[in-house]
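K.L.:
Input file: coords_1.pdb. Contents: PDB, C-alpha atoms and all ligand atoms.
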MODEL        1
ATOM      1  CA  MET A   1      95.349  69.189 122.393
ATOM      2  CA  LEU A   2      94.824  69.652 118.635
ATOM      3  CA  LYS A   3      92.628  67.181 116.820
ATOM      4  CA  GLN A   4      94.852  65.445 114.264
ATOM      5  CA  ILE A   5      94.527  66.561 110.655
ATOM      6  CA  ASP A   6      97.134  66.807 107.917
ATOM      7  CA  ILE A   7      98.586  70.293 108.016
ATOM      8  CA  PRO A   8     100.372  71.337 104.817
ATOM      9  CA  GLU A   9     103.845  72.654 105.638
ATOM     10  CA  ASN A  10     103.050  76.048 104.123
ATOM     11  CA  ASP A  11      99.824  76.466 106.116
ATOM     12  CA  PRO A  12     100.025  79.535 108.381
ATOM     13  CA  VAL A  13      99.551  77.260 111.406
ATOM     14  CA  ALA A  14     102.796  75.485 110.470
ATOM     15  CA  VAL A  15     104.808  78.644 109.782
ATOM     16  CA  ALA A  16     106.235  80.157 112.989
ATOM     17  CA  ASP A  17     105.734  83.861 112.281
ATOM     18  CA  ARG A  18     102.236  83.329 110.857
ATOM     19  CA  ARG A  19     101.232  81.244 113.856
ATOM     20  CA  ALA A  20     102.643  83.900 116.168
ATOM     21  CA  LEU A  21     100.432  86.443 114.413
ATOM     22  CA  ILE A  22      97.353  84.248 114.925
ATOM     23  CA  ASP A  23      98.330  83.822 118.603
ATOM     24  CA  GLU A  24      98.664  87.569 118.974
ATOM     25  CA  ILE A  25      95.197  88.131 117.449
ATOM     26  CA  LEU A  26      93.747  85.433 119.718
ATOM     27  CA  ALA A  27      95.334  86.891 122.854
ATOM     28  CA  ALA A  28      94.132  90.405 122.072
ATOM     29  CA  ASN A  29      90.524  89.475 121.332
ATOM     30  CA  LYS A  30      89.530  86.201 122.930
ATOM     31  CA  ASP A  31      87.884  87.737 125.992
ATOM     32  CA  ARG A  32      85.943  90.395 124.098
ATOM     33  CA  PRO A  33      82.214  90.084 123.423
ATOM     34  CA  GLY A  34      81.858  88.715 119.892
ATOM     35  CA  GLY A  35      85.507  87.710 120.092
ATOM     36  CA  LEU A  36      85.274  84.912 117.541
ATOM     37  CA  MET A  37      83.990  87.244 114.824
ATOM     38  CA  VAL A  38      86.636  89.863 115.635
ATOM     39  CA  ILE A  39      89.373  87.211 115.577
ATOM     40  CA  LEU A  40      88.241  85.768 112.248
ATOM     41  CA  ASN A  41      88.026  89.244 110.731
ATOM     42  CA  GLU A  42      91.535  90.109 111.892
ATOM     43  CA  VAL A  43      92.964  86.812 110.662
ATOM     44  CA  GLN A  44      91.261  87.206 107.272
ATOM     45  CA  SER A  45      92.547  90.749 106.862
ATOM     46  CA  LYS A  46      96.118  90.140 108.144
ATOM     47  CA  ILE A  47      96.755  86.691 106.641
ATOM     48  CA  GLY A  48      94.318  86.793 103.739
ATOM     49  CA  PHE A  49      92.428  83.544 104.317
ATOM     50  CA  ILE A  50      91.353  81.082 107.025
ATOM     51  CA  SER A  51      92.312  77.528 106.084
ATOM     52  CA  GLU A  52      90.820  74.443 107.689
ATOM     53  CA  PRO A  53      93.872  73.925 109.965
ATOM     54  CA  MET A  54      93.601  77.590 110.986
ATOM     55  CA  GLN A  55      89.911  77.112 111.828
ATOM     56  CA  LEU A  56      90.779  74.086 113.925
ATOM     57  CA  TYR A  57      93.620  75.908 115.678
ATOM     58  CA  ILE A  58      91.384  78.871 116.519
ATOM     59  CA  ALA A  59      88.583  76.575 117.750
ATOM     60  CA  ASN A  60      90.985  74.701 120.023
ATOM     61  CA  ARG A  61      92.483  77.869 121.434
ATOM     62  CA  LEU A  62      89.029  79.310 122.142
ATOM     63  CA  HIS A  63      87.648  76.006 123.447
ATOM     64  CA  VAL A  64      84.727  76.080 121.029
ATOM     65  CA  PRO A  65      83.691  73.327 118.602
ATOM     66  CA  VAL A  66      85.376  73.592 115.210
ATOM     67  CA  SER A  67      81.884  73.395 113.669
ATOM     68  CA  THR A  68      81.141  76.803 115.258
ATOM     69  CA  VAL A  69      84.186  78.383 113.607
ATOM     70  CA  HIS A  70      83.507  76.621 110.323
ATOM     71  CA  GLY A  71      79.868  77.779 110.431
ATOM     72  CA  VAL A  72      80.897  81.438 110.702
ATOM     73  CA  VAL A  73      83.599  81.162 108.019
ATOM     74  CA  SER A  74      81.275  79.495 105.531
ATOM     75  CA  PHE A  75      78.322  81.811 106.245
ATOM     76  CA  TYR A  76      80.042  85.109 105.416
ATOM     77  CA  SER A  77      81.344  85.447 101.879
ATOM     78  CA  PHE A  78      84.174  87.822 102.883
ATOM     79  CA  PHE A  79      85.936  84.941 104.620
ATOM     80  CA  THR A  80      87.938  82.716 102.299
ATOM     81  CA  THR A  81      89.568  79.384 103.046
ATOM     82  CA  THR A  82      92.272  79.613 100.379
ATOM     83  CA  PRO A  83      94.621  82.486  99.518
ATOM     84  CA  ARG A  84      93.184  85.069  97.143
ATOM     85  CA  GLY A  85      95.004  86.421  94.136
ATOM     86  CA  ARG A  86      96.317  89.972  93.971
ATOM     87  CA  HIS A  87      93.261  90.741  91.812
ATOM     88  CA  THR A  88      89.719  89.417  91.956
ATOM     89  CA  ILE A  89      87.456  89.102  88.937
ATOM     90  CA  LYS A  90      83.813  88.587  89.867
ATOM     91  CA  PHE A  91      81.147  87.561  87.386
ATOM     92  CA  CYS A  92      77.670  88.750  88.217
ATOM     93  CA  MET A  93      75.249  85.856  87.920
ATOM     94  CA  GLY A  94      72.089  87.825  88.673
ATOM     95  CA  THR A  95      69.227  87.225  86.256
ATOM     96  CA  ALA A  96      69.992  90.066  83.836
ATOM     97  CA  CYS A  97      73.662  89.146  83.612
ATOM     98  CA  TYR A  98      72.911  85.448  83.331
ATOM     99  CA  VAL A  99      70.556  86.105  80.429
ATOM    100  CA  GLY A 100      72.965  88.693  79.030
ATOM    101  CA  GLY A 101      75.809  86.204  78.599
ATOM    102  CA  ALA A 102      77.593  85.700  81.941
ATOM    103  CA  PRO A 103      77.886  81.903  81.418
ATOM    104  CA  GLN A 104      79.689  82.428  78.090
ATOM    105  CA  LEU A 105      82.004  84.942  79.731
ATOM    106  CA  ILE A 106      82.844  82.472  82.471
ATOM    107  CA  GLU A 107      83.603  79.820  79.855
ATOM    108  CA  LYS A 108      85.978  82.257  78.181
ATOM    109  CA  ALA A 109      87.633  83.058  81.512
ATOM    110  CA  LYS A 110      88.172  79.353  82.179
ATOM    111  CA  GLN A 111      89.826  78.969  78.768
ATOM    112  CA  VAL A 112      92.017  82.040  79.161
ATOM    113  CA  LEU A 113      93.122  81.476  82.759
ATOM    114  CA  GLY A 114      92.790  77.699  83.105
ATOM    115  CA  ILE A 115      90.907  77.977  86.403
ATOM    116  CA  GLU A 116      87.309  77.748  87.592
ATOM    117  CA  PRO A 117      85.411  80.326  89.660
ATOM    118  CA  GLY A 118      86.541  79.918  93.256
ATOM    119  CA  GLN A 119      90.147  79.271  92.173
ATOM    120  CA  THR A 120      93.294  81.381  91.917
ATOM    121  CA  THR A 121      95.867  81.310  89.116
ATOM    122  CA  LYS A 122      99.140  79.561  90.025
ATOM    123  CA  ASP A 123     101.087  82.815  89.886
ATOM    124  CA  GLY A 124      98.747  84.261  92.537
ATOM    125  CA  ALA A 125      97.647  87.067  90.215
ATOM    126  CA  ILE A 126      93.917  86.461  89.761
ATOM    127  CA  THR A 127      91.042  84.873  91.669
ATOM    128  CA  LEU A 128      87.774  84.201  89.852
ATOM    129  CA  GLU A 129      84.487  84.473  91.715
ATOM    130  CA  ILE A 130      80.774  84.498  91.077
ATOM    131  CA  CYS A 131      78.636  87.178  92.700
ATOM    132  CA  ARG A 132      75.017  88.221  92.961
ATOM    133  CA  CYS A 133      73.436  91.243  91.252
ATOM    134  CA  VAL A 134      75.647  94.285  91.731
ATOM    135  CA  GLY A 135      72.881  96.725  90.771
ATOM    136  CA  ALA A 136      74.046  97.581  87.259
ATOM    137  CA  CYS A 137      71.636  95.311  85.403
ATOM    138  CA  SER A 138      71.233  97.665  82.426
ATOM    139  CA  GLN A 139      74.947  97.068  81.764
ATOM    140  CA  ALA A 140      74.646  93.277  81.713
ATOM    141  CA  PRO A 141      76.758  91.240  81.644
ATOM    142  CA  VAL A 142      78.764  92.878  84.399
ATOM    143  CA  VAL A 143      82.236  91.897  85.571
ATOM    144  CA  VAL A 144      83.731  93.454  88.704
ATOM    145  CA  VAL A 145      87.509  93.690  88.617
ATOM    146  CA  ASP A 146      88.770  94.459  92.118
ATOM    147  CA  GLU A 147      86.544  97.473  92.930
ATOM    148  CA  ASP A 148      85.653  98.489  89.347
ATOM    149  CA  SER A 149      82.545  97.395  87.460
ATOM    150  CA  HIS A 150      82.798  96.748  83.737
ATOM    151  CA  GLY A 151      79.553  96.532  81.787
ATOM    152  CA  ARG A 152      78.584  94.823  78.524
ATOM    153  CA  VAL A 153      81.720  92.728  78.574
ATOM    154  CA  ARG A 154      81.858  90.380  75.595
ATOM    155  CA  PRO A 155      83.862  87.170  75.760
ATOM    156  CA  ASN A 156      86.291  88.419  73.100
ATOM    157  CA  LYS A 157      87.119  91.411  75.335
ATOM    158  CA  PHE A 158      87.965  89.280  78.332
ATOM    159  CA  PRO A 159      91.653  88.663  77.417
ATOM    160  CA  GLN A 160      92.139  92.433  77.244
ATOM    161  CA  LEU A 161      90.701  92.815  80.740
ATOM    162  CA  VAL A 162      93.125  90.201  82.054
ATOM    163  CA  ARG A 163      96.106  91.749  80.259
ATOM    164  CA  GLY A 164      95.487  94.984  82.120
ATOM    165  CA  LEU A 165      95.984  93.077  85.378
ATOM    166  CA  THR A 166      98.964  90.954  84.519
ATOM    167  CA  GLU A 167     101.087  93.415  82.559
ATOM    168  CA  PRO A 168     103.744  95.520  84.365
ATOM    169  CA  GLY A 169     101.878  98.292  86.138
ATOM    170  CA  GLY A 170      98.766  96.121  86.404
ATOM    171  CA  ASN A 171      99.753  94.837  89.838
TER     172      ASN A 171
HETATM  173  S1  LIG B   1      72.041  91.065  87.345
HETATM  174 FE1  LIG B   1      74.095  91.626  87.069
HETATM  175  S2  LIG B   1      74.103  93.674  87.709
HETATM  176 FE2  LIG B   1      72.092  93.030  88.124
ENDMDL
END
Produce structure tokens that represent the structure in this file.
P.N.:
Amino acid sequence: MLKQIDIPENDPVAVADRRALIDEILAANKDRPGGLMVILNEVQSKIGFISEPMQLYIANRLHVPVSTVHGVVSFYSFFTTTPRGRHTIKFCMGTACYVGGAPQLIEKAKQVLGIEPGQTTKDGAITLEICRCVGACSQAPVVVVDEDSHGRVRPNKFPQLVRGLTEPGGN
């Protein structure tokens, strides 16, 4: 029996084909050693995020406390609890980048996109994130767009970076 929480109607748990996919992943992996981790990985990669209702659903189906599932999801940064955008822009907040102007860049990003780090634009195009040192300190401040690092990014260059992602061909 599911503990009662409000489940948004677009949550994967409330959408038949998404829930069927979660059930399929559960059935295939629940008896494996380390099954919970495998299940969460599969759900993250096939659905793109693991919302609170999804965590509760998985916990109930595996007969483990929801705090166990929540603990794993919040410990590993590759799990997300909300949908990600088609592109991710990460701001390095290691010491060199912090000193080199990362906070000003983040301010600019907030102005340009109207969202905070940890959020996704309404059109689902871009997610902003903060990350730790990516090992390119001499290029500070560093911004990682999807898999590509950009060094010495100045706030006035940020709109150009975003345009490359949102213009036709940037998807
Ligand atoms: S501190 Fe940003 S790359 Fe090292």
K.L.:
Output the residue selection produced by the PyMOL selection byres (((chain A and resi 66) around 12) and not hetatm) on the file above, formatted as a list in words.
P.N.:
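Taken over the shown coordinates, the PyMOL selection byres (((chain A and resi 66) around 12) and not hetatm) returns Leu2, Lys3, Leu36, Glu52, Pro53, Met54, Gln55, Leu56, Tyr57, Ile58, Ala59, Asn60, Arg61, Leu62, His63, Val64, Pro65, Ser67, Thr68, Val69, His70, Gly71, Val72 and Val73 of chain A.
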K.L.:
Go ahead and write the selection's residues with C-alpha atoms as a CSV table (one decimal), in the frame of the given file.
P.N.:
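Below is the file selection06.csv, written as the result:
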chain,number,residue,atom,x,y,z
A,2,LEU,CA,94.8,69.7,118.6
A,3,LYS,CA,92.6,67.2,116.8
A,36,LEU,CA,85.3,84.9,117.5
A,52,GLU,CA,90.8,74.4,107.7
A,53,PRO,CA,93.9,73.9,110.0
A,54,MET,CA,93.6,77.6,111.0
A,55,GLN,CA,89.9,77.1,111.8
A,56,LEU,CA,90.8,74.1,113.9
A,57,TYR,CA,93.6,75.9,115.7
A,58,ILE,CA,91.4,78.9,116.5
A,59,ALA,CA,88.6,76.6,117.8
A,60,ASN,CA,91.0,74.7,120.0
A,61,ARG,CA,92.5,77.9,121.4
A,62,LEU,CA,89.0,79.3,122.1
A,63,HIS,CA,87.6,76.0,123.4
A,64,VAL,CA,84.7,76.1,121.0
A,65,PRO,CA,83.7,73.3,118.6
A,67,SER,CA,81.9,73.4,113.7
A,68,THR,CA,81.1,76.8,115.3
A,69,VAL,CA,84.2,78.4,113.6
A,70,HIS,CA,83.5,76.6,110.3
A,71,GLY,CA,79.9,77.8,110.4
A,72,VAL,CA,80.9,81.4,110.7
A,73,VAL,CA,83.6,81.2,108.0
K.L.:
Counting all atoms listed in the file, which residue out of A:Ala109, A:Val99, A:Ala125, A:Ile7 sits closest to Pro83 (chain A)?
P.N.:
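Closest to Pro83 (chain A), using all atoms listed in the file: A:Ala125.
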K.L.:
Please, which residues have at least one atom within 7 Å of an atom of ligand LIG 1 (chain B), using all atoms listed in the file, listed as a count of residues only?
P.N.:
17
K.L.:
With distances taken over all atoms listed in the file, which residue among A:Pro155, A:Gly85, A:Thr80, A:Ser74 lies nearest Pro103 (chain A)?
P.N.:
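Closest to Pro103 (chain A), using all atoms listed in the file: A:Pro155.
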K.L.:
Check what the PyMOL selection byres (((chain A and resi 78) around 12) and not hetatm) selects in the file above and give those residues as a ChimeraX atom specification.
P.N.:
/A:37,40-45,48-50,72-77,79-82,84,129,131
K.L.:
What's the separation between CA of Val145 (chain A) and CA of His87 (chain A), in Å to one decimal place?
P.N.:
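These two atoms are separated by 7.2 Å.
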K.L.:
Taking all atoms listed in the file into account, name the residue in A:Lys90, A:Lys122, A:Gly101, A:Leu128 that is nearest to His150 (chain A).
P.N.:
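Nearest candidate to His150 (chain A) out of A:Lys90, A:Lys122, A:Gly101, A:Leu128: A:Lys90.
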K.L.:
Separation of CA of Gly124 (chain A) and CA of Ser149 (chain A), in Å?
P.N.:
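Atom-to-atom, CA of Gly124 (chain A) to CA of Ser149 (chain A), that is 21.5 Å.
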K.L.:
Please identify all polymer residues within 7 Å of Asn29 (chain A), counting only C-alpha atoms, omitting same-chain residues fewer than 3 positions from it, and present them as a list in words.
P.N.:
Ile25, Leu26, Arg32, Gly35, Val38 and Ile39 of chain A
K.L.:
Nearest residue to Lys46 (chain A) out of A:Val112, A:Glu24, A:Ala16, A:Asp31, using all atoms listed in the file?
P.N.:
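Between A:Val112, A:Glu24, A:Ala16, A:Asp31, the residue approaching Lys46 (chain A) most closely is A:Glu24.
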K.L.:
Measuring atom to atom with all atoms listed in the file, identify which of A:Asp123, A:Phe91, A:Leu165, A:Asn10 is nearest to Lys108 (chain A).
P.N.:
A:Phe91
K.L.:
Could you list the residues chosen by the PyMOL selection byres (((chain A and resi 146) around 7) and not hetatm) in this structure as a PyMOL selection string?
P.N.:
chain A and resi 87-89+144-145+147-148
K.L.:
Please report the interatomic distance between CA of Phe158 (chain A) and CA of Leu105 (chain A) in Å with one decimal.
P.N.:
7.5 Å
K.L.:
Point out the residue among A:Val153, A:Ile106, A:Ala27, A:Ile126 with the least atom-to-atom distance to Thr166 (chain A), counting only C-alpha atoms.
P.N.:
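Looking at the shortest contact to Thr166 (chain A), the residue is A:Ile126.
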